[in-house]
>>> print(open('my_file-v9.txt').read())   # compact mmCIF, C-alpha atoms
# COMPACT_ATOMS: atom_id res chain seq x y z
CA MET A 5 0.00 0.00 0.00
CA PRO A 6 1.28 3.52 -0.72
CA THR A 7 2.54 5.51 2.23
CA HIS A 8 2.13 9.24 2.62
CA ALA A 9 4.93 11.37 3.98
CA PRO A 10 3.99 13.79 6.74
CA ASP A 11 2.87 17.17 5.46
CA PRO A 12 5.70 19.62 6.36
CA THR A 13 3.25 22.53 6.39
CA ALA A 14 0.91 20.77 8.83
CA ARG A 15 3.89 19.85 10.99
CA ARG A 16 5.09 23.46 11.08
CA LEU A 17 1.60 24.70 11.92
CA GLY A 18 1.34 22.12 14.72
CA ALA A 19 4.71 23.15 16.16
CA ARG A 20 3.74 26.81 15.91
CA GLN A 21 0.46 26.06 17.73
CA GLN A 22 2.33 24.26 20.51
CA TRP A 23 4.74 27.16 20.97
CA LEU A 24 1.88 29.66 20.98
CA GLU A 25 0.16 27.59 23.68
CA ARG A 26 3.35 27.57 25.77
CA ILE A 27 3.77 31.34 25.40
CA VAL A 28 0.16 31.91 26.43
CA LEU A 29 0.63 29.65 29.47
CA TRP A 30 3.83 31.40 30.55
CA GLY A 31 2.35 34.86 30.04
CA GLY A 32 -0.82 33.79 31.83
CA ALA A 33 1.24 32.42 34.73
CA ILE A 34 2.92 35.82 35.13
CA ALA A 35 -0.51 37.48 35.20
CA VAL A 36 -1.74 34.95 37.79
CA ALA A 37 1.30 35.50 40.01
CA LEU A 38 0.92 39.28 39.86
CA ALA A 39 -2.80 38.98 40.66
CA ALA A 40 -2.01 36.66 43.58
CA ILE A 41 0.52 39.13 45.00
CA LEU A 42 -1.91 42.04 44.60
CA PHE A 43 -4.61 39.94 46.25
CA ALA A 44 -2.34 39.04 49.18
CA LYS A 45 -1.30 42.65 49.77
CA ALA A 46 -4.90 43.91 49.54
CA SER A 47 -6.11 41.15 51.88
CA ASP A 48 -3.45 41.95 54.49
CA PHE A 49 -4.28 45.66 54.27
CA ALA A 50 -8.02 45.00 54.61
CA PHE A 51 -7.64 42.76 57.64
CA GLY A 52 -5.21 45.26 59.13
CA LEU A 53 -7.99 47.85 58.97
CA PHE A 54 -10.34 45.46 60.72
CA ARG A 55 -7.79 44.80 63.46
CA ARG A 56 -7.54 48.55 64.07
CA VAL A 57 -11.29 48.67 64.56
CA TYR A 58 -11.16 45.62 66.84
CA ASP A 59 -8.27 47.06 68.86
CA THR A 60 -10.28 50.25 69.36
CA SER A 61 -13.02 48.18 70.96
CA PRO A 62 -13.91 44.47 70.63
CA TRP A 63 -17.56 45.55 70.60
CA TRP A 64 -17.34 47.28 67.22
CA PRO A 65 -17.39 43.99 65.23
CA LEU A 66 -20.91 43.38 66.58
CA LEU A 67 -21.95 46.14 64.17
CA LEU A 68 -19.29 45.93 61.45
CA THR A 69 -19.15 42.18 60.79
CA PRO A 70 -22.92 41.57 60.37
CA ALA A 71 -23.16 44.65 58.13
CA VAL A 72 -20.34 43.42 55.87
CA PHE A 73 -21.77 39.88 55.74
CA GLY A 74 -25.21 41.21 54.79
CA LEU A 75 -23.69 43.50 52.15
CA LEU A 76 -21.74 40.59 50.63
CA ALA A 77 -24.89 38.45 50.50
CA TRP A 78 -26.67 41.28 48.67
CA LEU A 79 -23.81 41.91 46.24
CA THR A 80 -23.53 38.21 45.34
CA HIS A 81 -27.25 37.69 44.77
CA GLY A 82 -27.14 38.31 40.99
CA VAL A 83 -24.45 38.01 38.34
CA LEU A 84 -21.73 37.80 41.00
CA LYS A 85 -23.23 34.67 42.56
CA PRO A 86 -20.32 32.55 41.20
CA THR A 87 -17.98 34.53 43.48
CA ARG A 88 -19.47 32.88 46.59
CA GLY A 89 -17.50 30.34 48.56
CA SER A 90 -14.01 29.07 47.96
CA GLY A 91 -13.84 29.18 44.17
CA ILE A 92 -12.23 25.76 43.82
CA PRO A 93 -15.61 24.02 43.26
CA GLN A 94 -16.31 26.47 40.44
CA VAL A 95 -13.06 25.49 38.72
CA ILE A 96 -13.77 21.77 39.14
CA ALA A 97 -17.31 22.26 37.80
CA ALA A 98 -15.95 24.18 34.80
CA LEU A 99 -13.66 21.24 34.04
CA ASP A 100 -16.66 18.90 34.22
CA ARG A 101 -18.88 21.14 32.09
CA PRO A 102 -16.96 22.17 28.94
CA GLU A 103 -19.84 24.24 27.51
CA GLY A 104 -18.80 27.80 26.80
CA ASP A 105 -21.83 29.37 28.51
CA PHE A 106 -21.17 27.60 31.80
CA ARG A 107 -17.49 28.46 31.78
CA GLN A 108 -18.15 32.05 30.79
CA GLN A 109 -20.64 32.46 33.61
CA ASN A 110 -18.21 31.16 36.25
CA LEU A 111 -14.87 32.33 34.84
CA SER A 112 -15.45 35.74 33.24
CA LEU A 113 -13.30 38.76 34.04
CA PRO A 114 -16.11 40.42 36.09
CA VAL A 115 -16.36 37.25 38.17
CA SER A 116 -12.58 37.17 38.62
CA ALA A 117 -12.41 40.82 39.66
CA GLY A 118 -15.46 40.38 41.88
CA LYS A 119 -13.94 37.35 43.58
CA LEU A 120 -10.81 39.29 44.44
CA GLY A 121 -12.57 42.46 45.58
CA LEU A 122 -15.33 40.78 47.56
CA THR A 123 -12.95 38.45 49.40
CA VAL A 124 -10.91 41.51 50.39
CA LEU A 125 -14.14 43.10 51.62
CA ALA A 126 -14.95 39.94 53.61
CA LEU A 127 -11.57 40.16 55.37
CA ALA A 128 -12.17 43.85 56.04
CA GLY A 129 -15.28 42.68 57.90
CA GLY A 130 -13.33 40.11 59.90
CA ALA A 131 -14.61 36.99 58.10
CA SER A 132 -12.77 33.78 59.00
CA VAL A 133 -11.90 32.93 55.40
CA GLY A 134 -8.76 32.32 53.36
CA ARG A 135 -7.51 33.74 50.08
CA GLU A 136 -5.94 30.60 48.59
CA GLY A 137 -9.17 29.10 47.17
CA PRO A 138 -10.17 32.45 45.65
CA THR A 139 -6.66 32.73 44.19
CA VAL A 140 -7.21 29.38 42.44
CA HIS A 141 -10.51 30.72 41.06
CA VAL A 142 -8.93 33.98 39.90
CA GLY A 143 -5.93 32.15 38.43
CA ALA A 144 -8.06 29.73 36.43
CA SER A 145 -10.28 32.58 35.27
CA LEU A 146 -7.38 34.74 34.10
CA MET A 147 -5.71 31.88 32.26
CA TYR A 148 -9.02 30.89 30.63
CA VAL A 149 -9.79 34.46 29.50
CA ILE A 150 -6.27 35.01 28.13
CA GLY A 151 -6.39 31.72 26.23
CA ARG A 152 -9.75 32.54 24.65
CA ALA A 153 -8.60 36.04 23.72
CA LEU A 154 -5.64 34.57 21.82
CA GLY A 155 -7.70 32.02 19.91
CA PHE A 156 -7.68 28.90 22.12
CA ARG A 157 -11.43 28.34 22.29
CA ASP A 158 -11.91 24.59 21.97
CA PRO A 159 -12.80 22.74 25.21
CA ARG A 160 -9.55 20.74 25.33
CA HIS A 161 -7.33 23.81 25.29
CA ALA A 162 -9.62 25.57 27.75
CA SER A 163 -9.23 22.67 30.19
CA HIS A 164 -5.46 22.96 29.88
CA PHE A 165 -5.60 26.63 30.77
CA LEU A 166 -7.98 26.03 33.67
CA LEU A 167 -5.64 23.44 35.18
CA ALA A 168 -2.55 25.57 34.69
CA GLY A 169 -4.22 28.69 36.06
CA GLY A 170 -5.50 26.92 39.15
CA ALA A 171 -2.13 25.29 39.80
CA ALA A 172 -0.24 28.56 39.32
CA GLY A 173 -2.72 30.21 41.68
CA ILE A 174 -2.09 27.79 44.56
CA ALA A 175 1.67 27.95 43.91
CA ALA A 176 1.75 31.74 44.00
CA ALA A 177 -0.61 32.03 47.00
CA PHE A 178 1.49 29.77 49.24
CA ASN A 179 4.87 30.07 47.44
CA THR A 180 4.71 26.26 47.02
CA PRO A 181 5.44 25.29 43.37
CA LEU A 182 5.35 21.53 43.91
CA ALA A 183 2.05 21.79 45.77
CA GLY A 184 0.61 23.57 42.72
CA VAL A 185 1.37 20.58 40.50
CA VAL A 186 0.06 18.04 43.02
CA PHE A 187 -3.05 20.15 43.61
CA ALA A 188 -3.86 20.19 39.89
CA ILE A 189 -3.42 16.44 39.63
CA GLU A 190 -5.18 15.38 42.83
CA GLU A 191 -7.86 18.00 43.40
CA LEU A 192 -8.73 19.79 40.17
CA SER A 193 -8.80 16.97 37.65
CA GLY A 194 -9.12 13.22 37.65
CA ARG A 195 -8.47 13.24 33.91
CA PHE A 196 -4.96 14.68 33.99
CA GLU A 197 -3.09 14.34 30.67
CA HIS A 198 0.52 13.31 31.22
CA ARG A 199 1.71 14.87 27.98
CA PHE A 200 0.53 18.20 29.36
CA SER A 201 2.55 17.85 32.57
CA GLY A 202 5.58 19.69 31.17
CA ALA A 203 3.60 22.77 30.19
CA LEU A 204 1.71 22.68 33.49
CA LEU A 205 4.94 22.42 35.48
CA THR A 206 6.47 25.28 33.50
CA ALA A 207 3.45 27.51 34.19
CA VAL A 208 3.73 26.78 37.90
CA ILE A 209 7.48 27.51 37.87
CA VAL A 210 6.95 30.81 36.02
CA GLY A 211 4.33 31.86 38.58
CA GLY A 212 6.64 30.83 41.42
CA VAL A 213 9.62 32.69 39.95
CA VAL A 214 7.63 35.91 39.63
CA SER A 215 6.48 35.57 43.24
CA LEU A 216 10.07 34.78 44.29
CA GLY A 217 11.45 37.79 42.47
CA LEU A 218 8.96 40.23 43.98
CA LEU A 219 8.58 38.82 47.50
CA GLY A 220 11.88 37.01 48.02
CA ASN A 221 12.65 33.45 49.08
CA TYR A 222 10.47 32.73 52.08
CA THR A 223 8.51 29.92 53.65
CA TYR A 224 4.89 30.68 54.52
CA PHE A 225 5.16 29.56 58.16
CA GLY A 226 8.96 29.83 58.44
CA ARG A 227 11.56 27.08 58.69
CA VAL A 228 10.71 24.37 61.23
CA GLU A 229 13.52 22.08 62.35
CA VAL A 230 11.74 19.23 64.11
CA GLY A 231 11.75 15.46 64.01
CA LEU A 232 9.65 12.65 65.35
CA PRO A 233 11.54 9.67 66.77
CA LEU A 234 10.03 6.22 66.88
CA GLY A 235 8.04 5.21 69.95
CA MET A 236 6.01 7.80 71.81
CA GLY A 237 6.49 10.29 68.99
CA TRP A 238 4.64 8.17 66.47
CA LEU A 239 1.65 8.03 68.77
CA ALA A 240 1.23 11.65 67.66
CA VAL A 241 0.74 10.40 64.09
CA LEU A 242 -2.11 8.16 65.21
CA LEU A 243 -3.78 10.80 67.38
CA CYS A 244 -3.45 13.61 64.84
CA GLY A 245 -4.56 11.42 61.95
CA VAL A 246 -7.71 10.25 63.76
CA VAL A 247 -8.65 13.59 65.34
CA GLY A 248 -7.85 15.58 62.20
CA GLY A 249 -9.81 13.17 60.02
CA LEU A 250 -12.83 13.19 62.33
CA ALA A 251 -12.88 16.96 62.76
CA GLY A 252 -12.25 17.70 59.08
CA GLY A 253 -14.79 15.14 57.90
CA GLY A 254 -17.33 16.52 60.36
CA PHE A 255 -16.74 20.05 59.10
CA SER A 256 -17.24 18.96 55.49
CA ARG A 257 -20.40 17.03 56.34
CA VAL A 258 -21.94 20.03 58.12
CA VAL A 259 -21.06 22.34 55.21
CA LEU A 260 -22.65 19.99 52.67
CA ALA A 261 -25.76 19.59 54.84
CA ALA A 262 -26.11 23.38 55.05
CA VAL A 263 -25.71 23.73 51.27
CA ASP A 264 -28.44 21.10 50.83
CA GLY A 265 -30.75 23.01 53.16
CA ARG A 266 -30.51 20.74 56.19
CA PRO A 267 -31.76 21.04 58.82
CA ARG A 268 -34.97 22.36 57.29
CA TRP A 269 -35.23 25.47 59.46
CA LEU A 270 -31.73 26.47 58.37
CA GLY A 271 -32.53 25.87 54.71
CA ARG A 272 -35.77 27.87 54.92
CA ALA A 273 -34.05 30.79 56.65
CA ARG A 274 -31.19 30.82 54.18
CA GLY A 275 -33.49 30.58 51.16
CA ALA A 276 -36.13 33.08 52.28
CA HIS A 277 -33.89 35.75 53.81
CA PRO A 278 -30.32 35.29 52.52
CA ILE A 279 -29.16 38.79 53.51
CA LEU A 280 -30.53 38.56 57.05
CA PHE A 281 -29.16 35.02 57.34
CA ALA A 282 -25.67 36.18 56.33
CA ALA A 283 -25.89 39.09 58.78
CA ALA A 284 -26.87 36.66 61.55
CA CYS A 285 -23.81 34.55 60.72
CA GLY A 286 -21.69 37.69 60.96
CA LEU A 287 -23.21 38.43 64.36
CA LEU A 288 -22.33 34.92 65.56
CA LEU A 289 -18.75 35.39 64.37
CA ALA A 290 -18.53 38.75 66.15
CA ALA A 291 -19.82 37.09 69.32
CA LEU A 292 -17.09 34.46 69.06
CA GLY A 293 -14.53 37.24 68.76
CA LEU A 294 -16.00 39.05 71.75
CA VAL A 295 -15.79 35.93 73.92
CA PHE A 296 -12.57 34.30 72.67
CA GLY A 297 -10.56 37.14 71.19
CA ALA A 298 -9.27 38.33 67.83
CA GLY A 299 -8.25 34.81 66.72
CA ALA A 300 -11.85 34.22 65.62
CA PHE A 301 -11.37 36.68 62.74
CA GLY A 302 -9.32 36.50 59.56
CA THR A 303 -7.26 33.69 58.07
CA GLY A 304 -5.62 32.56 61.32
CA TYR A 305 -2.18 32.84 59.74
CA GLU A 306 -0.53 34.65 62.66
CA GLN A 307 -1.80 32.18 65.25
CA ALA A 308 -0.88 29.13 63.14
CA ARG A 309 2.62 30.46 62.45
CA ALA A 310 3.17 31.12 66.16
CA LEU A 311 2.09 27.59 67.07
CA VAL A 312 4.26 25.99 64.39
CA GLN A 313 7.24 28.03 65.60
CA GLY A 314 6.64 26.91 69.19
CA GLN A 315 5.47 30.34 70.32
CA GLY A 316 2.01 29.46 71.61
CA LEU A 317 0.22 32.80 71.79
CA VAL A 318 -3.27 31.28 71.92
CA GLY A 319 -5.16 29.18 74.42
CA HIS A 320 -6.28 25.62 74.01
CA GLU A 321 -9.75 26.74 72.96
CA PHE A 322 -8.34 28.20 69.73
CA GLY A 323 -8.70 25.11 67.49
CA LEU A 324 -12.38 24.42 68.13
CA MET A 325 -13.22 28.13 68.24
CA LYS A 326 -11.55 28.71 64.85
CA LEU A 327 -13.41 25.70 63.43
CA ALA A 328 -16.70 27.28 64.52
CA ALA A 329 -15.66 30.68 63.11
CA ASN A 330 -14.71 29.14 59.76
CA LEU A 331 -17.97 27.17 59.64
CA VAL A 332 -20.11 30.25 60.37
CA SER A 333 -18.25 32.28 57.71
CA TYR A 334 -18.59 29.61 55.03
CA VAL A 335 -22.24 28.78 55.71
CA ALA A 336 -23.04 32.49 55.33
CA GLY A 337 -22.43 32.08 51.59
CA ILE A 338 -19.91 34.91 51.26
CA PRO A 339 -16.75 34.81 49.11
CA GLY A 340 -13.72 33.27 50.81
CA GLY A 341 -11.66 30.11 50.99
CA LEU A 342 -10.93 27.33 53.44
CA PHE A 343 -7.21 26.58 53.19
CA SER A 344 -5.68 29.09 55.62
CA PRO A 345 -8.40 28.76 58.28
CA ALA A 346 -8.14 24.96 57.98
CA LEU A 347 -4.41 25.13 58.61
CA ALA A 348 -5.09 27.34 61.63
CA VAL A 349 -7.73 24.94 62.99
CA GLY A 350 -5.36 21.99 62.52
CA ALA A 351 -2.55 23.85 64.28
CA GLY A 352 -4.89 24.53 67.20
CA LEU A 353 -5.94 20.87 67.40
CA GLY A 354 -2.29 19.81 67.31
CA HIS A 355 -1.59 22.29 70.10
CA ASN A 356 -4.26 20.54 72.19
CA LEU A 357 -2.95 17.04 71.43
CA ALA A 358 0.62 18.01 72.30
CA VAL A 359 -0.45 18.24 75.95
CA LEU A 360 -1.22 14.49 75.87
CA LEU A 361 2.25 13.66 74.53
CA PRO A 362 4.90 14.77 77.03
CA GLY A 363 8.40 14.47 75.70
CA VAL A 364 7.32 14.98 72.08
CA ASP A 365 8.26 18.24 70.37
CA PRO A 366 5.03 20.33 70.42
CA SER A 367 5.90 21.91 67.06
CA ALA A 368 5.96 18.47 65.44
CA VAL A 369 2.49 17.68 66.83
CA VAL A 370 1.17 21.05 65.65
CA LEU A 371 2.52 20.37 62.15
CA LEU A 372 0.89 16.92 62.10
CA GLY A 373 -2.41 18.34 63.31
CA MET A 374 -2.28 21.00 60.62
CA CYS A 375 -1.80 18.60 57.71
CA ALA A 376 -4.20 16.00 59.15
CA TYR A 377 -7.09 18.44 59.56
CA LEU A 378 -6.52 19.94 56.09
CA THR A 379 -6.67 16.40 54.72
CA GLY A 380 -9.84 15.74 56.70
CA VAL A 381 -11.51 18.74 55.09
CA THR A 382 -10.30 18.27 51.51
CA GLN A 383 -9.63 14.50 51.43
CA ALA A 384 -6.60 15.35 49.29
CA PRO A 385 -3.72 13.76 51.24
CA LEU A 386 -0.90 14.38 48.77
CA THR A 387 -1.77 18.06 48.38
CA SER A 388 -2.01 18.48 52.16
CA ALA A 389 1.30 16.72 52.75
CA VAL A 390 3.20 18.66 50.10
CA ILE A 391 1.72 22.01 51.20
CA SER A 392 2.64 21.33 54.83
CA LEU A 393 6.19 20.31 53.91
CA GLU A 394 6.75 23.28 51.61
CA LEU A 395 5.16 25.76 54.02
CA THR A 396 7.60 24.83 56.79
CA ASP A 397 10.63 23.38 54.96
CA SER A 398 10.54 20.41 57.36
CA SER A 399 11.81 17.52 55.25
CA ALA A 400 12.64 15.45 58.36
CA MET A 401 8.88 15.12 58.97
CA LEU A 402 8.16 13.60 55.55
CA LEU A 403 7.27 10.08 56.68
CA PRO A 404 5.21 11.10 59.75
CA ILE A 405 3.28 13.63 57.65
CA LEU A 406 2.55 11.08 54.92
CA ALA A 407 1.35 8.58 57.52
CA ALA A 408 -0.84 11.19 59.24
CA VAL A 409 -2.52 12.42 56.04
CA LEU A 410 -3.25 8.91 54.78
CA LEU A 411 -4.81 8.00 58.11
CA ALA A 412 -6.78 11.26 58.19
CA ARG A 413 -8.06 10.62 54.65
CA ALA A 414 -9.36 7.18 55.63
CA VAL A 415 -11.04 8.47 58.81
CA SER A 416 -12.55 11.49 57.06
CA ALA A 417 -14.09 9.28 54.37
CA LEU A 418 -15.95 7.38 57.10
CA VAL A 419 -17.59 10.63 58.24
CA CYS A 420 -18.08 12.34 54.87
CA ARG A 421 -18.04 9.91 51.97
CA GLN A 422 -17.37 12.46 49.24
CA PRO A 423 -14.53 15.05 49.13
CA LEU A 424 -15.87 18.51 49.93
CA TYR A 425 -14.73 20.38 46.82
CA ARG A 426 -15.90 17.61 44.49
CA ALA A 427 -19.29 17.44 46.23
CA LEU A 428 -19.75 21.21 46.01
CA ALA A 429 -18.76 21.16 42.33
CA GLU A 430 -21.34 18.46 41.59
CA ARG A 431 -24.02 20.58 43.26
CA LEU A 432 -23.04 23.52 41.07
CA VAL A 433 -23.30 21.35 37.96
CA ALA A 434 -26.64 19.90 39.05
CA ALA A 435 -28.05 23.38 39.60
CA MET A 436 -27.27 24.38 36.02
CA PRO A 437 -29.70 23.53 33.19
CA ALA A 438 -28.62 20.62 31.04
CA PRO A 439 -27.04 21.59 27.70
CA GLU A 440 -29.47 21.47 24.78
CA ALA A 441 -28.99 18.71 22.25
CA PRO A 442 -28.24 19.73 18.65
CA ALA A 443 -31.30 20.22 16.42
CA ALA A 444 -30.44 17.20 14.27
CA ALA A 445 -30.25 14.96 17.35
CA ARG A 446 -33.62 16.22 18.60
CA ALA A 447 -35.19 15.61 15.20
CA GLY A 448 -33.84 12.07 15.12
>>> encode(input="my_file-v9.txt", output="structure tokens")
Amino acid sequence: MPTHAPDPTARRLGARQQWLERIVLWGGAIAVALAAILFAKASDFAFGLFRRVYDTSPWWPLLLTPAVFGLLAWLTHGVLKPTRGSGIPQVIAALDRPEGDFRQQNLSLPVSAGKLGLTVLALAGGASVGREGPTVHVGASLMYVIGRALGFRDPRHASHFLLAGGAAGIAAAFNTPLAGVVFAIEELSGRFEHRFSGALLTAVIVGGVVSLGLLGNYTYFGRVEVGLPLGMGWLAVLLCGVVGGLAGGGFSRVVLAAVDGRPRWLGRARGAHPILFAAACGLLLAALGLVFGAGAFGTGYEQARALVQGQGLVGHEFGLMKLAANLVSYVAGIPGGLFSPALAVGAGLGHNLAVLLPGVDPSAVVLLGMCAYLTGVTQAPLTSAVISLELTDSSAMLLPILAAVLLARAVSALVCRQPLYRALAERLVAAMPAPEAPAAARAG
């Protein structure tokens, strides 16, 4: 049979297309990193303003926080509804639903700008939310919009840009390049294409280099030089894995029940009066801050860093109190993520468990509690392990951390059978109308 030589023109066009895709990914990664840095600076400034108000009088949040929560519920009632929550479920749902209308609704530039601005506003009101999930949303949105603007409009290319944007977002938010890759593989997509791994890795590295150049070489929680010897020390792995898995799984189960309108009185109140409901959640958060202190508000970064560094500036009520504050903030339906508050909750739980383990380095137990609870919430053990290791530069804790997150994943699955972000994404997809079949298919 005759054979046909490859068409040189088609080969050149294919190579040109591949290079154009790489250039778009690298340029998009720079944009994502710059947006993440701007977001971080704005978030810190906004929460700094709130702390000034709180330091003036801890009673002021009883007025400010409910007002901001109610305003956010009102602002996100219409076209900005996709800005609610973490943002990671929106990216997962967009990967599951390749239709242009769905992606445009959840990933447009107004949504991206709204996500950034409204999360900053939430922190100005003292909300116990993080910025890492919103950074993933903004990163995926920017990369998607840039790709479409430069001609990459088919669903396959769009999925590539969504993955790369989300991964670059988590890398730039935490300054954890490897965690960005693992996050894209484990959390964002179950259909990861290995031939795309090089371009994805490059996008993450570009985003990380930009962040490195502008902010310097730092670790999010600082360097932690701890180890965990065999014997009594490894009892900490068991305790942290079980407690973190139970607490994280319980948190996820309560969040999903609230989203589904359970219990009924909660669902009716949230559906009938969303603005008043959000304001009531803000009032509860302010009450927590009045009773337990400023740790109820914000991301919890300062408290978690202090605990990891062995400088316990909080009491033993901090972990459970921060869990309640994070739950109230998320159930309110306002924009904001879960990662940073989850790390703070886990650090607080580890701080509690360290009391039961005399002779074991408390910082090691705090680190294990942090990664175990994050795993319990997300059921993404590799992402949680890599983030914890990169955040603290504690390579000596590799094996204990891996053991703790795997145990926490198994325990969390017993409490909440489906990973939180995946479950929320499926609810987003289910709430959207099914795509119409082509006219020819309907006629047939």
>>> residues_around(input="my_file-v9.txt", residues="region 412-417 of chain A", least_positions_apart="5", cutoff="7 Å", atoms="only C-alpha atoms", output="list in words")
Gly245, Val246, Gly248, Gly249, Leu250, Gly252, Gly253, Ala376, Thr379, Gly380, Gln383, Pro385 and Gln422 of chain A
>>> atom_distance(input="my_file-v9.txt", atom1="CA of Leu280 (chain A)", atom2="CA of Thr123 (chain A)")
19.2 Å
>>> residues_around(input="my_file-v9.txt", residues="region 97-112 of chain A", least_positions_apart="4", cutoff="10 Å", atoms="only C-alpha atoms", output="ChimeraX atom specification")
/A:83-87,91-93,116-118,141-149,157-160,162-164,166-167,192-195,425-434,436-439
>>> atom_distance(input="my_file-v9.txt", atom1="CA of Gly265 (chain A)", atom2="CA of Gly341 (chain A)")
20.5 Å
>>> residues_near_point(input="my_file-v9.txt", point="(-6.6, 28.0, 61.8)", cutoff="8 Å", atoms="only C-alpha atoms", output="NGL selection string")
:A and (303-305 or 307-308 or 323 or 326-327 or 344-352)
>>> atom_distance(input="my_file-v9.txt", atom1="CA of Gly293 (chain A)", atom2="CA of Phe343 (chain A)")
20.2 Å
>>> closest_residue(input="my_file-v9.txt", among="A:Val72, A:Leu393, A:Ala290, A:Val364", to="Val124 (chain A)", atoms="all atoms listed in the file")
A:Val72
>>> residues_near_point(input="my_file-v9.txt", point="(-1.1, 16.8, 52.5)", cutoff="10 Å", atoms="all atoms listed in the file", output="CSV table (one decimal) with C-alpha atoms, in the coordinates of the input")
chain,number,residue,atom,x,y,z
A,183,ALA,CA,2.0,21.8,45.8
A,186,VAL,CA,0.1,18.0,43.0
A,187,PHE,CA,-3.0,20.2,43.6
A,372,LEU,CA,0.9,16.9,62.1
A,374,MET,CA,-2.3,21.0,60.6
A,375,CYS,CA,-1.8,18.6,57.7
A,376,ALA,CA,-4.2,16.0,59.2
A,377,TYR,CA,-7.1,18.4,59.6
A,378,LEU,CA,-6.5,19.9,56.1
A,379,THR,CA,-6.7,16.4,54.7
A,380,GLY,CA,-9.8,15.7,56.7
A,382,THR,CA,-10.3,18.3,51.5
A,383,GLN,CA,-9.6,14.5,51.4
A,384,ALA,CA,-6.6,15.4,49.3
A,385,PRO,CA,-3.7,13.8,51.2
A,386,LEU,CA,-0.9,14.4,48.8
A,387,THR,CA,-1.8,18.1,48.4
A,388,SER,CA,-2.0,18.5,52.2
A,389,ALA,CA,1.3,16.7,52.8
A,390,VAL,CA,3.2,18.7,50.1
A,391,ILE,CA,1.7,22.0,51.2
A,392,SER,CA,2.6,21.3,54.8
A,393,LEU,CA,6.2,20.3,53.9
A,405,ILE,CA,3.3,13.6,57.6
A,406,LEU,CA,2.6,11.1,54.9
A,407,ALA,CA,1.4,8.6,57.5
A,408,ALA,CA,-0.8,11.2,59.2
A,409,VAL,CA,-2.5,12.4,56.0
A,410,LEU,CA,-3.2,8.9,54.8
A,412,ALA,CA,-6.8,11.3,58.2
A,413,ARG,CA,-8.1,10.6,54.6
>>> closest_residue(input="my_file-v9.txt", among="A:Tyr334, A:Ser61, A:Cys244, A:Gly169", to="Ala33 (chain A)", atoms="only C-alpha atoms")
A:Gly169
>>> residues_around(input="my_file-v9.txt", residues="Gly275 (chain A)", least_positions_apart="6", cutoff="12 Å", atoms="all atoms listed in the file", output="list in words")
Ala77, His81, Ala262, Val263, Asp264, Gly265, Arg266, Arg268, Trp269, Phe281, Ala282, Ala336 and Gly337 of chain A
>>> residues_around(input="my_file-v9.txt", residues="Phe73 (chain A)", least_positions_apart="5", cutoff="10 Å", atoms="all atoms listed in the file", output="number ranges by chain")
A: 68, 78-79, 125-126, 129-131, 279-287, 333, 336-339
>>> closest_residue(input="my_file-v9.txt", among="A:Pro138, A:Ala240, A:Ala40, A:Thr60", to="Leu360 (chain A)", atoms="only C-alpha atoms")
A:Ala240
>>> closest_residue(input="my_file-v9.txt", among="A:Arg26, A:Arg272, A:His277, A:Lys45", to="Ala168 (chain A)", atoms="only C-alpha atoms")
A:Arg26
>>> axis_aligned_box(input="my_file-v9.txt", around="region 52-69 of chain A", padding_each_side="6 Å", output="JSON")
{"center_x": -13.6, "center_y": 46.2, "center_z": 65.0, "size_x": 28.7, "size_y": 20.1, "size_z": 24.0}
